[in-house]
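Here's the structure, in C-alpha cells; my notes come after.
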Amino acid sequence: MKPFSSLLPAAVLAVAAGLPALAAAEKLTISCGAVGAELQLCREGVEAWSKQTGHSVEVVSTPNSATERLSFYQQILSAQSSDIDIIQIDVVWPGMLANHLLDLNEVLPTASTQGYFQAQLDNATVAGRLVTLPWFTDSGLLYYRKDLLEQYGKPVPQTWDELTATAKAIQQAERDAGNANMWGYVFQGRAYEGLTCNALEWIGSHPGGALIDPQGQIAVDSPATRQALSLAKSWVGDISPRGVLNYTEEEGRGVFQSGNAVFMRNWPYVWALAQSADSAVKDKVAIAPLPKGGPDGKHASTLGGWGLSISRYSAQPKLAGELVAYLTSAREQKHRALVSAYNPVIESLYQDPELLAAMPYYSDLHAILSDGVMRPASITGDRYPRVSNALFDRVHGVLAGETPVDQAVSELHGELKRIKRRSW
Ligand code: GLC
C-alpha cells in the first residue's frame with residue numbers, strides 16, 4: 001500500500017515539514033546512474049533537492065551497458081518525448097546528441113561552471129552551446145590483489161607480457177591451493193562501448209598504436225594493433241574466463257570483489273565498492289596504471305566520465321536546470337567522491353584535504369589521468385557510434401576466436417574508410 005504521504009502534493013508536504021512553500025510543486029523526471037552505487041547516489045541527491053524545494057522527481061534507471069543506454073536515450077530523444085527532462089550522458093556523446101539537448105547557458109546560473117577543468121567544459125560544448133554539465137570523470141585503471149602479489153613475490157606488472165605471466169603463475173598456484181574459481185585477469189569483453197575503451201588501451205599502449213590519429217587519419221592497420229589484439233586473444237580461456245566475452249564493468253567487478261581474480265581492468269568507482277565492509281577483498285586491493293605494450297610502449301588509460309544534460313523537449317527546462325545545478329555542485333561532487341569514488345571535475349576538489357585523506361590513490365590517479373587516451377569522438381562527431389561499433393565488433397570476433405587478427409584488422413580498416421567521408 002502507498003504511504004499516506006505519497007498521496008499528498010509535494011508542496012503541501014513541504015509546508016507541513018516547515019520548509020519554504022513554493023508557488024506550485026512540479027514534477028521532473030531524471031534518468032541517471034547505472035553501475036555500482038550510482039543509481040542509489042543519484043536518488044539520494046535528488047531526494048535531498050526534492051525535500052528542499054518541494055518538487056517531486058521521478059528517477060528512471062537505465063541498462064548497465066553504455067551502448068544500450070545510448071539507444072534508450074536515442075529512442076526517447078528522436079521521438080521528441082517530454083517524458084524525461086534530464087539525462088546522464090557519456091563524454092563521447094555530446095557531439096552526436098547536441099541537437100536534442102538544451103544549451104545549458106540559457107538555464108543555468110553562470111556560477112554553475114566555475115572552477116571546472118577547462119578540458120571538461122570544452123568537451124561539453126558543441127558549436128558554442130554547453131550541452132552537458134560534466135559530473136564526474138573516469139579513467140581505466142589496473143586493480144590488483146596486493147596480498148597475492150606479495151605472497152608470490154611478484155612486482156606490479158609494467159608491461160602486458162608481465163601481467164600475463166604473473167596472472168598465469170598466481171592463477172595456477174591459487175588453483176593448486178584449492179581455489180578452483182581463480183582467474184588471472186578480468187576486463188570488459190562484451191561487444192559494447194566498454195570493449196572499445198579496453199581495445200583503445202591495448203592498441204594505444206603499443207608503440208605507434210592508434211585507431212584514428214589526431215589529424216583524423218585512419219591509423220588502425222599497424223603492427224601495434226596486431227600485437228595488441230593477438231595478446232588480448234591469448235588471454236581468453238587462459239587467464240580470463242570465456243565468460244569475459246559477455247562482461248561489462250559489473251560482471252568483472254563481481255568476480256574480482258568475491259576474491260576470484262588477480263587483476264582487473266575497471267573504472268575508479270570500483271575502488272569504493274572493493275573497499276566496502278562486505279567485500280571479500282577489502283584491504284587487499286591496490287591500483288596502478290594499466291601496463292605498457294612492451295618496454296617501448298606506454299601506459300594508456302581511456303578517459304571516460306558522465307555529465308547531466310537537459311532534453312530540448314523538456315516542458316520545464318528552468319526547473320530542470322536548478323536540479324542539474326544542485327546535483328553537479330561542488331558539495332555534491334565532493335560527497336560522491338568521498339562515499340563512492342566518483343571523481344570530481346572541479347579542479348579545486350583535488351586539493352581538498354578531506355578528499356585527499358580519504359582517497360589514498362588520488363596522487364596515482366593524477367599521473368594516470370595524464371596518460372589519458374581520448375576516444376575519437378569529437379573528431380568523428382555523429383559518426384562516432386559507427387566507429388566504436390566497428391571496433392568493438394571486430395575485436396569481439398577476435399576474442400571469441402571467430403576472426404583471425406589479420407582479417408579483423410583489414411576489415412576494420414575497410415569499414416572505417418566507408419564510414420569516413422572526405423573528412424569525418
Ligand atoms: C564508463 C565511462 C564511460 C564509458 C563506459 C564504457 O562509464 O565513464 O565514458 O563509455 O564506461 O562502458
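Residue numbering restarts at 1 for every chain of the C-alpha cells, chains are lettered A, B, ... in their displayed order, and ligands are numbered from 1 as they appear.
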* To do: Please identify all polymer residues within 12 Å of Ile310 of chain A, counting only C-alpha atoms, omitting same-chain residues fewer than 2 positions from it, and present them as a PyMOL selection string.
  => chain A and resi 28-32+73+77+82-89+94+97-108+130-133+307-308+312-325
* Asked: What do you get as a PyMOL selection string if you pick all residues at most 6 Å from ligand 1, counting only C-alpha atoms and all ligand atoms?
  -> chain A and resi 66+90-91+138+193-194+304-306
* Structure fact -> A straight line from atom CA of Ser56 of chain A to atom CA of Ala37 of chain A spans 21.8 Å
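Using only C-alpha atoms, the shortest contact distance between Lys420 of chain A and any of A:Arg375, A:His299, A:Arg386, A:Arg265 is found at A:Arg386.
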* To do: Could you give me, as an MDAnalysis selection string, the residues within 12 Å of segment 162-172 of chain A, counting only C-alpha atoms and dropping anything in the same chain fewer than 2 positions from it?
  => chainID A and resid 142:160 174:186 231:241 259:265 288:295
* Which of these residues is nearest to Val285 of chain A, using only C-alpha atoms: A:Ser258, A:Leu412, A:Thr302, A:Gln217? -> A:Ser258
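Comparing A:Ile346, A:Ala357, A:Ala280, A:Val339 by their smallest distance to Trp135 of chain A, the closest is A:Ile346 (using only C-alpha atoms).
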* To do: For Pro268 of chain A, please output as a ChimeraX atom specification all residues within 7 Å (counting only C-alpha atoms; exclusion window: fewer than 3 positions along the same chain).
  => /A:138-139,141,271,341-342
* Picked from segment 228-267 of chain A by DSSP as strand (DSSP E), as number ranges by chain -> A: 261-266
Written selection (N, CA and C atoms) as an mmCIF file, in the first residue's frame:
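What landed in result28.cif:
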data_model
loop_
_atom_site.group_PDB
_atom_site.id
_atom_site.type_symbol
_atom_site.label_atom_id
_atom_site.label_comp_id
_atom_site.auth_asym_id
_atom_site.auth_seq_id
_atom_site.Cartn_x
_atom_site.Cartn_y
_atom_site.Cartn_z
ATOM 1 N N ALA A 261 39.830 -13.109 -8.812
ATOM 2 C CA ALA A 261 40.703 -12.648 -9.899
ATOM 3 C C ALA A 261 41.910 -11.923 -9.311
ATOM 4 N N VAL A 262 43.059 -12.107 -9.972
ATOM 5 C CA VAL A 262 44.286 -11.443 -9.509
ATOM 6 C C VAL A 262 44.301 -9.994 -9.996
ATOM 7 N N PHE A 263 43.944 -9.795 -11.289
ATOM 8 C CA PHE A 263 43.967 -8.456 -11.891
ATOM 9 C C PHE A 263 42.605 -8.149 -12.510
ATOM 10 N N MET A 264 42.294 -6.871 -12.554
ATOM 11 C CA MET A 264 41.057 -6.445 -13.227
ATOM 12 C C MET A 264 41.276 -5.067 -13.832
ATOM 13 N N ARG A 265 40.721 -4.855 -15.024
ATOM 14 C CA ARG A 265 40.668 -3.507 -15.596
ATOM 15 C C ARG A 265 39.280 -2.967 -15.292
ATOM 16 N N ASN A 266 39.238 -1.792 -14.667
ATOM 17 C CA ASN A 266 37.930 -1.194 -14.400
ATOM 18 C C ASN A 266 38.093 0.302 -14.128
#
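Among the candidates A:Leu303, A:Leu70, A:Ser340, A:Thr62, the one nearest to Ser276 of chain A when counting only C-alpha atoms is A:Ser340.
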* Sel. of alpha helix (DSSP H) residues, segment 178-366 of chain A, as number ranges by chain -> A: 193-204, 223-235, 249-257, 269-274, 317-327, 330-340, 353-358, 362-366
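Of the listed residues A:Pro109, A:Gly397, A:Pro385, A:Gly36, the one whose atoms come nearest to Glu68 of chain A is A:Pro385, with distances taken using only C-alpha atoms.
Shell of Tyr350 of chain A at 10 Å, with only C-alpha atoms counted and residues fewer than 4 places along the chain excluded, is A:Lys334, A:Asn343, A:Pro344, A:Val345, A:Ile346, A:Glu354, A:Leu355, A:Leu356, A:Tyr362, A:Ser363, A:His366.
From atom CA of Arg422 of chain A back to atom CA of Leu195 of chain A, the distance works out to 27.4 Å.
Take the candidates A:Arg421, A:Arg242, A:Arg129, A:His413 and check each one against Thr380 of chain A using only C-alpha atoms; the shortest distance goes to A:Arg421.
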